[in-house]
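For reference, the structure discussed in these notes is given below.
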Amino acid sequence: MVYNKVVFEDSKLEESRKGRPYGKMRNVELMEAETLKGLFIGGVKNEKFKGLLNDEIKGDKLRFVMFDRKRSSQLRLWTLRAVLLMMLWTIVVQFKGLGDKVTHAMFIKTSLPPQRIYENNNGYLMVSSNGGLNQMRAGICDMVSIARYLNVTLIVPELDNTSFWNDRSQFQDIFDVDYFINSLRDEVRILKELPPQQKHKVETESLYSMPPISWSNMTYYYDVILPRMKTYGLVHFTKSDARLANNGIPEEVQKLRCRVNYHALRFVSPIEQLAKKIVKILNERGPFLSLHLRYEMDMIAFTGCNEGCNNEEIDELTKMRYAYPWWKEKEIDSEKKRKDGLCPLTPEETALTLRALDIDHNIQVYIAAGEIYKSEKRMASLKEAFPNLVKKETLLEPSELDPLRNHSNQMAALDYYVSIESDIFVPSYKGNMAKLIEGHRRYLGFKKTIILNRELLVELIDQYKNGTISWNQFTISVKVAHADRVGNPTTRSVVPGNPKEEDYFYTNPQECLSPLDGP
């Protein structure tokens with residue numbers, strides 16, 4: 001049945017129409033009240049609306065008046081609009097939450113790569129990562145690549161909770177584990193935990209564990225590891241650092257290492273949002289330089305580098321070094337090590353170097369590091385040279401950092417994110433974080449990264465400090481020495497038989513870079 005535009009009519013409504021141009025109505029039709037109530041109540045599960053209908057619309061029937069077409073066209077239009085608005089409002093109220101979930105689910109589903117189907121699963125690989133955050137990060141990238149090309153299922157690696165920093169964080173506390181698994185599903189099967197059958201086997205039988213040989217090529221994994229996988233069904237790697245060579249690796253493996261590092265390993269939302277807030281604050285104030293200043297107490301004790309320390313401090317650092325049995329090197333010639341360029345630059349040496357490179361005196365310098373050893377004394381010259389010195393603790397409220405305190409790896413994740421977003425990145429030492437950020441910034445388009453030549457710098461600094469060369473000679477020499485050390489495209493060095501001396505893959509992942517992206 002087709003109905004023309006109608007309005008409700010009762011005694012009060014009739015009274016209100018008296019004296020109006022459209023007071024005299026004709027062509028009256030009746031519509032069953034239950035039909036109208038069913039129209040609304042059947043489609044709108046809203047108790048208040050039901051009550052309104054039941055209270056206001058009573059009786060067996062409602063009388064409706066059909067207007068004269070010529071005189072009622074405007075009223076019909078407004079009534080139609082009212083009904084449509086009511087229906088739209090009801091749909092929004094009732095289904096908004098469901099709509100959000102459906103939309104989000106549809107987005108996730110359509111954005112996921114197709115899942116790889118394993119014709120033959122050669123076993124399961126468990127991994128215990130070792131070292132600090134960035135050492136583990138690189139190792140995880142290698143383990144994913146190894147698992148993919150051995151056709152085995154990888155269990156989400158466990159992070160090191162026994163290192164010097166005593167950080168109890170696990171993978172899901174730092175990295176978005178669901179994104180990690182789903183974004184790589186077209187390459188490798190990754191599970192959060194062992195399936196029940198394999199878990200039972202681990203609980204009732206012995207687990208075959210081993211550290212793979214460092215700097216190995218894929219031939220080692222095919223010829224040695226794969227047969228063990230097939231024999232035991234489950235293999236546990238007790239270490240993950242530097243277990244895959246820098247060079248001599250198939251290009252498809254190298255590119256997968258990059259994909260894991262630069263795309264799949266995404267920080268969890270709380271860490272990422274805090275890091276984005278830091279970057280936003282800094283960018284609003286102007287350009288900023290991220291200085292990875294490795295001058296924390298543990299670093300100075302570990303390296304045995306005591307330039308600028310007094311006897312009491314040297315004694316304190318030496319005792320710390322001997323207190324940790326896993327730091328193998330105990331007797332260290334600090335002066336020789338420094339002259340060989342094997343020590344982190346001190347804050348004073350760093351200040352001189354940045355000044356010599358003509359870094360803007362007013363630029364913001366973000367300290368991407370932990371607590372600097374004897375900071376009040378040792379940071380004075382750096383702060384004088386660059387007064388806009390900031391760190392995460394000064395940019396964020398204490399309450400914002402509280403969840404991350406006592407979790408050094410989570411704090412390091414903040415510094416990592418800020419450093420890859422900075423206008424300039426300068427590391428004072430060659431540690432894992434410095435190496436990985438250098439490579440990440442190359443991948444992002446060869447962003448400016450100043451790689452300091454520490455061996456030359458300490459020689460020039462000593463000559464300047466003892467008056468052998470002038471400031472002008474010093475600054476010219478520093479600039480010339482670093483003209484080509486700003487993260488430009490270059491070929492990764494190869495040192496056959498000595499991989500520790502060649503360029504690290506994650507510092508210069510050239511197989512994943514396009515020279516056209518360079519400056």
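Every chain in the structure tokens takes a letter, A first, then B, and so on in the order presented; its residues are numbered from 1, and the ligands are numbered from 1 following the presented order.
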
Using only C-alpha atoms, which protein or nucleic acid residues come within 8 Å of Gln135 of chain A? Drop anything in the same chain fewer than 4 positions from it, and give the result as a list in words.
Asn130, Gly131, Gly139, Asp241, Asn432 and Met433 of chain A

Please extract the residues of segment 210-458 of chain A with a backbone DSSP assignment of strand (DSSP E) and present them as a ChimeraX atom specification.
/A:210,234-237,288-292,364-367,389-390,424-427

So which residues touch Leu256 of chain A within 9 Å, counting only C-alpha atoms, skipping near sequence neighbours fewer than 3 positions away, as a list in words?
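Skipping anything fewer than 3 positions along the chain leaves Cys141, Asp142, Val144, Ser145, Glu187, Glu251, Glu252, Val253, Arg259, Val260 and Asn261 of chain A.
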
Determine, for each residue of segment 319-379 of chain A having at least one atom at most 7 Å from an atom of segment 284-292 of chain A, the closest pair of atoms and their separation in Å to one decimal, counting only C-alpha atoms; order by chain and ascending number, as a tab-separated table.
residue	atom	partner	partner_atom	distance
A:Ile363	CA	A:Phe288	CA	5.8
A:Gln364	CA	A:Phe288	CA	4.6
A:Val365	CA	A:Leu289	CA	4.9
A:Tyr366	CA	A:Ser290	CA	4.7
A:Ile367	CA	A:Leu291	CA	5.1
A:Ala368	CA	A:His292	CA	4.7
A:Ala369	CA	A:His292	CA	5.9

Name the residues in contact with Asp503 of chain A at a cut-off of 7 Å, using only C-alpha atoms, excluding same-chain residues fewer than 3 positions from it; report them as a ChimeraX atom specification.
/A:492-494,507

Got a sec: who's within 10 Å of Pro212 of chain A, counting only C-alpha atoms, leaving out chain neighbours fewer than 5 positions off, as a PyMOL selection string?
chain A and resi 220-221+224-225+236-244

Compile the contact shell of segment 109-120 of chain A as a list in words: residues with an atom at most 12 Å away, counting only C-alpha atoms, same-chain residues fewer than 5 positions apart removed.
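In the requested form, the answer reads Val102, Thr103, His104, Arg148, Tyr149, Leu150, Asn151, Val152, Thr153, Asp178, Tyr179, Phe180, Ile181, Asn182, Ser183, Leu184, Arg185, Asp186, Glu187, Val188, Arg189, Ile190 and Lys230 of chain A.
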
Taking only C-alpha atoms into account, name the residue in A:Leu191, A:Trp215, A:Leu154, A:Ile146 that is nearest to Gly497 of chain A.
A:Trp215

Between segment 118-162 of chain A and segment 394-409 of chain A, at 12 Å or less, what are the per-residue closest atom pairs and their distances in Å? Count only C-alpha atoms, order by chain and rising residue number, and return it as CSV.
residue,atom,partner,partner_atom,distance
A:Gly131,CA,A:Asn409,CA,10.2
A:Gly132,CA,A:Asn409,CA,6.9
A:Leu133,CA,A:Asn409,CA,5.3
A:Asn134,CA,A:Asn409,CA,8.7
A:Gln135,CA,A:Asn409,CA,10.8
A:Met136,CA,A:Asn409,CA,10.1
A:Arg137,CA,A:Asn409,CA,10.7
A:Leu159,CA,A:Asn409,CA,10.0
A:Asp160,CA,A:Asn409,CA,10.1
A:Asn161,CA,A:Asn409,CA,10.3

Could the residues in this selection be saved with all heavy atoms as a tab-separated table (two decimals), in the first residue's frame?
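This is the output file out-v2.tsv:
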chain	number	residue	atom	x	y	z
A	131	GLY	N	71.47	-9.52	24.72
A	131	GLY	CA	72.02	-8.16	24.59
A	131	GLY	C	70.99	-7.09	24.89
A	131	GLY	O	69.92	-7.35	25.43
A	132	GLY	N	71.35	-5.86	24.53
A	132	GLY	CA	70.45	-4.72	24.71
A	132	GLY	C	69.41	-4.68	23.61
A	132	GLY	O	69.37	-5.54	22.72
A	133	LEU	N	68.57	-3.65	23.65
A	133	LEU	CA	67.43	-3.57	22.73
A	133	LEU	C	67.84	-3.71	21.27
A	133	LEU	O	67.26	-4.49	20.52
A	133	LEU	CB	66.69	-2.24	22.93
A	133	LEU	CG	65.57	-1.97	21.94
A	133	LEU	CD1	64.44	-2.98	22.11
A	133	LEU	CD2	65.03	-0.55	22.08
A	134	ASN	N	68.83	-2.95	20.84
A	134	ASN	CA	69.15	-2.92	19.41
A	134	ASN	C	69.96	-4.12	18.96
A	134	ASN	O	69.87	-4.53	17.80
A	134	ASN	CB	69.86	-1.60	19.09
A	134	ASN	CG	68.92	-0.43	19.27
A	134	ASN	OD1	68.01	-0.22	18.49
A	134	ASN	ND2	69.11	0.33	20.35
A	135	GLN	N	70.72	-4.71	19.85
A	135	GLN	CA	71.38	-5.97	19.54
A	135	GLN	C	70.33	-7.06	19.35
A	135	GLN	O	70.42	-7.87	18.42
A	135	GLN	CB	72.33	-6.34	20.69
A	135	GLN	CG	73.21	-7.55	20.41
A	135	GLN	CD	74.24	-7.77	21.51
A	135	GLN	OE1	74.59	-6.85	22.25
A	135	GLN	NE2	74.72	-8.98	21.65
A	136	MET	N	69.31	-7.05	20.20
A	136	MET	CA	68.23	-8.03	20.05
A	136	MET	C	67.40	-7.74	18.80
A	136	MET	O	66.96	-8.66	18.10
A	136	MET	CB	67.34	-8.01	21.29
A	136	MET	CG	68.02	-8.56	22.55
A	136	MET	SD	66.88	-8.82	23.93
A	136	MET	CE	66.53	-7.13	24.42
A	137	ARG	N	67.19	-6.47	18.51
A	137	ARG	CA	66.41	-6.10	17.33
A	137	ARG	C	67.03	-6.68	16.06
A	137	ARG	O	66.33	-7.29	15.24
A	137	ARG	CB	66.33	-4.57	17.24
A	137	ARG	CG	65.50	-4.07	16.07
A	137	ARG	CD	65.56	-2.56	15.94
A	137	ARG	NE	64.71	-2.11	14.86
A	137	ARG	CZ	63.62	-1.35	15.00
A	137	ARG	NH1	63.24	-0.95	16.20
A	137	ARG	NH2	62.91	-0.99	13.95
A	159	LEU	N	62.92	-12.01	24.94
A	159	LEU	CA	63.97	-11.01	25.11
A	159	LEU	C	64.84	-11.34	26.31
A	159	LEU	O	64.45	-12.08	27.22
A	159	LEU	CB	63.37	-9.61	25.26
A	159	LEU	CG	62.49	-9.12	24.11
A	159	LEU	CD1	62.18	-7.63	24.28
A	159	LEU	CD2	63.12	-9.38	22.75
A	160	ASP	N	66.03	-10.78	26.32
A	160	ASP	CA	67.02	-11.03	27.36
A	160	ASP	C	66.63	-10.31	28.65
A	160	ASP	O	66.54	-9.09	28.69
A	160	ASP	CB	68.39	-10.54	26.87
A	160	ASP	CG	69.53	-10.97	27.76
A	160	ASP	OD1	69.26	-11.46	28.88
A	160	ASP	OD2	70.70	-10.81	27.36
A	161	ASN	N	66.41	-11.08	29.70
A	161	ASN	CA	66.11	-10.51	31.01
A	161	ASN	C	67.25	-10.69	31.99
A	161	ASN	O	67.10	-10.44	33.19
A	161	ASN	CB	64.84	-11.14	31.60
A	161	ASN	CG	63.59	-10.86	30.79
A	161	ASN	OD1	62.66	-11.65	30.78
A	161	ASN	ND2	63.55	-9.73	30.10

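Closest approach to Ser206 of chain A among A:Trp471, A:Asp358, A:Pro347, A:Leu234 is made by A:Leu234 (distances from only C-alpha atoms).
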
List as number ranges by chain the protein and nucleic acid residues near Ala385 of chain A, meaning an atom at most 8 Å away when only C-alpha atoms are counted, but skip any in the same chain fewer than 4 places from it.
A: 351, 355, 361, 381

For those residues, write N, CA and C atoms to a file as a PDB file, in the first residue's frame.
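Result file result-v6.pdb:
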ATOM      1  N   ALA A 351      81.582  18.361  22.578  1.00  0.00           N
ATOM      2  CA  ALA A 351      81.266  19.792  22.440  1.00  0.00           C
ATOM      3  C   ALA A 351      82.235  20.469  21.468  1.00  0.00           C
ATOM      4  N   ARG A 355      81.170  22.053  17.727  1.00  0.00           N
ATOM      5  CA  ARG A 355      81.508  23.453  17.446  1.00  0.00           C
ATOM      6  C   ARG A 355      82.368  23.548  16.188  1.00  0.00           C
ATOM      7  N   HIS A 361      74.752  27.066  17.085  1.00  0.00           N
ATOM      8  CA  HIS A 361      74.821  27.259  18.544  1.00  0.00           C
ATOM      9  C   HIS A 361      73.430  27.168  19.185  1.00  0.00           C
ATOM     10  N   SER A 381      80.502  21.944  29.736  1.00  0.00           N
ATOM     11  CA  SER A 381      81.024  22.555  28.506  1.00  0.00           C
ATOM     12  C   SER A 381      80.073  22.355  27.328  1.00  0.00           C
TER      13      SER A 381
END

Among segment 261-299 of chain A, which residues carry a DSSP assignment of alpha helix (DSSP H), reported as a PyMOL selection string?
chain A and resi 269-285+297-299

Restrict the selected residues to all heavy atoms and save them as a compact mmCIF listing (two decimals), in the first residue's frame.
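File result_39.txt, as written:
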# COMPACT_ATOMS: atom_id res chain seq x y z
N SER A 269 51.94 0.94 21.02
CA SER A 269 51.35 2.28 20.97
C SER A 269 51.79 3.20 22.11
O SER A 269 52.11 4.37 21.86
CB SER A 269 49.82 2.16 20.97
OG SER A 269 49.22 3.44 20.88
N PRO A 270 51.85 2.75 23.38
CA PRO A 270 52.27 3.68 24.44
C PRO A 270 53.66 4.26 24.21
O PRO A 270 53.88 5.46 24.44
CB PRO A 270 52.24 2.80 25.70
CG PRO A 270 51.25 1.74 25.39
CD PRO A 270 51.42 1.46 23.93
N ILE A 271 54.59 3.44 23.72
CA ILE A 271 55.95 3.93 23.44
C ILE A 271 55.93 4.85 22.23
O ILE A 271 56.53 5.94 22.25
CB ILE A 271 56.91 2.75 23.23
CG1 ILE A 271 57.12 1.98 24.55
CG2 ILE A 271 58.26 3.24 22.69
CD1 ILE A 271 57.97 0.74 24.42
N GLU A 272 55.26 4.42 21.17
CA GLU A 272 55.25 5.21 19.94
C GLU A 272 54.59 6.57 20.16
O GLU A 272 55.06 7.59 19.64
CB GLU A 272 54.53 4.44 18.84
CG GLU A 272 54.59 5.12 17.49
CD GLU A 272 54.03 4.26 16.38
OE1 GLU A 272 54.68 3.27 16.02
OE2 GLU A 272 52.93 4.59 15.89
N GLN A 273 53.49 6.60 20.92
CA GLN A 273 52.80 7.87 21.15
C GLN A 273 53.64 8.84 21.97
O GLN A 273 53.65 10.04 21.71
CB GLN A 273 51.44 7.61 21.82
CG GLN A 273 50.44 6.86 20.97
CD GLN A 273 50.24 7.50 19.60
OE1 GLN A 273 50.06 8.72 19.49
NE2 GLN A 273 50.30 6.70 18.55
N LEU A 274 54.35 8.32 22.97
CA LEU A 274 55.24 9.18 23.75
C LEU A 274 56.36 9.73 22.88
O LEU A 274 56.72 10.91 22.96
CB LEU A 274 55.84 8.40 24.93
CG LEU A 274 55.11 8.44 26.27
CD1 LEU A 274 55.95 7.74 27.33
CD2 LEU A 274 54.78 9.86 26.70
N ALA A 275 56.93 8.85 22.04
CA ALA A 275 58.02 9.28 21.16
C ALA A 275 57.53 10.34 20.17
O ALA A 275 58.22 11.33 19.91
CB ALA A 275 58.58 8.07 20.41
N LYS A 276 56.33 10.13 19.64
CA LYS A 276 55.76 11.12 18.71
C LYS A 276 55.53 12.46 19.40
O LYS A 276 55.70 13.52 18.79
CB LYS A 276 54.45 10.60 18.12
CG LYS A 276 54.63 9.52 17.07
CD LYS A 276 53.29 9.09 16.50
CE LYS A 276 53.48 8.10 15.36
NZ LYS A 276 52.20 7.63 14.80
N LYS A 277 55.15 12.40 20.66
CA LYS A 277 54.94 13.64 21.41
C LYS A 277 56.25 14.40 21.56
O LYS A 277 56.30 15.63 21.40
CB LYS A 277 54.34 13.34 22.78
CG LYS A 277 54.05 14.58 23.60
CD LYS A 277 53.33 14.27 24.91
CE LYS A 277 53.03 15.55 25.67
NZ LYS A 277 52.29 15.27 26.94
N ILE A 278 57.34 13.68 21.87
CA ILE A 278 58.65 14.32 21.99
C ILE A 278 59.04 14.98 20.67
O ILE A 278 59.48 16.13 20.63
CB ILE A 278 59.72 13.29 22.41
CG1 ILE A 278 59.45 12.79 23.83
CG2 ILE A 278 61.12 13.90 22.33
CD1 ILE A 278 60.36 11.65 24.26
N VAL A 279 58.87 14.24 19.58
CA VAL A 279 59.23 14.76 18.25
C VAL A 279 58.39 15.99 17.92
O VAL A 279 58.90 16.98 17.38
CB VAL A 279 59.06 13.67 17.18
CG1 VAL A 279 59.25 14.25 15.78
CG2 VAL A 279 60.04 12.53 17.41
N LYS A 280 57.12 15.94 18.25
CA LYS A 280 56.22 17.07 17.97
C LYS A 280 56.67 18.32 18.74
O LYS A 280 56.72 19.42 18.17
CB LYS A 280 54.79 16.70 18.33
CG LYS A 280 53.75 17.78 18.03
CD LYS A 280 52.34 17.25 18.30
CE LYS A 280 51.28 18.27 17.93
NZ LYS A 280 51.27 19.45 18.82
N ILE A 281 57.00 18.15 20.01
CA ILE A 281 57.46 19.27 20.83
C ILE A 281 58.72 19.88 20.23
O ILE A 281 58.85 21.10 20.09
CB ILE A 281 57.72 18.83 22.28
CG1 ILE A 281 56.40 18.44 22.97
CG2 ILE A 281 58.42 19.93 23.07
CD1 ILE A 281 56.58 17.77 24.32
N LEU A 282 59.66 19.02 19.86
CA LEU A 282 60.93 19.50 19.30
C LEU A 282 60.72 20.19 17.96
O LEU A 282 61.29 21.26 17.71
CB LEU A 282 61.90 18.33 19.16
CG LEU A 282 62.42 17.72 20.47
CD1 LEU A 282 63.14 16.40 20.22
CD2 LEU A 282 63.36 18.69 21.18
N ASN A 283 59.92 19.58 17.09
CA ASN A 283 59.69 20.17 15.77
C ASN A 283 59.00 21.53 15.85
O ASN A 283 59.25 22.41 15.02
CB ASN A 283 58.87 19.22 14.91
CG ASN A 283 59.70 18.09 14.33
OD1 ASN A 283 60.90 18.23 14.14
ND2 ASN A 283 59.07 16.96 14.07
N GLU A 284 58.12 21.68 16.83
CA GLU A 284 57.44 22.97 16.98
C GLU A 284 58.40 24.08 17.38
O GLU A 284 58.16 25.26 17.10
CB GLU A 284 56.31 22.84 18.02
CG GLU A 284 55.10 22.06 17.51
CD GLU A 284 54.07 21.82 18.59
OE1 GLU A 284 54.39 22.07 19.79
OE2 GLU A 284 52.95 21.37 18.26
N ARG A 285 59.49 23.71 18.01
CA ARG A 285 60.47 24.71 18.45
C ARG A 285 61.53 24.97 17.39
O ARG A 285 62.28 25.95 17.49
CB ARG A 285 61.16 24.23 19.73
CG ARG A 285 60.21 24.06 20.92
CD ARG A 285 60.98 23.49 22.11
NE ARG A 285 60.13 23.28 23.27
CZ ARG A 285 60.55 22.76 24.43
NH1 ARG A 285 61.82 22.40 24.54
NH2 ARG A 285 59.72 22.60 25.43
N MET A 297 77.62 5.51 33.18
CA MET A 297 78.62 4.89 34.04
C MET A 297 78.99 3.48 33.58
O MET A 297 80.17 3.11 33.54
CB MET A 297 78.11 4.84 35.49
CG MET A 297 79.14 4.29 36.47
SD MET A 297 78.51 4.30 38.18
CE MET A 297 79.95 3.65 39.05
N ASP A 298 77.98 2.67 33.20
CA ASP A 298 78.28 1.30 32.79
C ASP A 298 79.12 1.26 31.51
O ASP A 298 79.99 0.40 31.36
CB ASP A 298 76.99 0.50 32.62
CG ASP A 298 76.08 1.08 31.56
OD1 ASP A 298 75.44 2.11 31.81
OD2 ASP A 298 75.99 0.49 30.46
N MET A 299 78.87 2.20 30.59
CA MET A 299 79.65 2.23 29.35
C MET A 299 81.10 2.60 29.63
O MET A 299 82.02 1.99 29.07
CB MET A 299 79.01 3.22 28.37
CG MET A 299 79.83 3.44 27.09
SD MET A 299 80.21 1.92 26.17
CE MET A 299 78.59 1.40 25.64
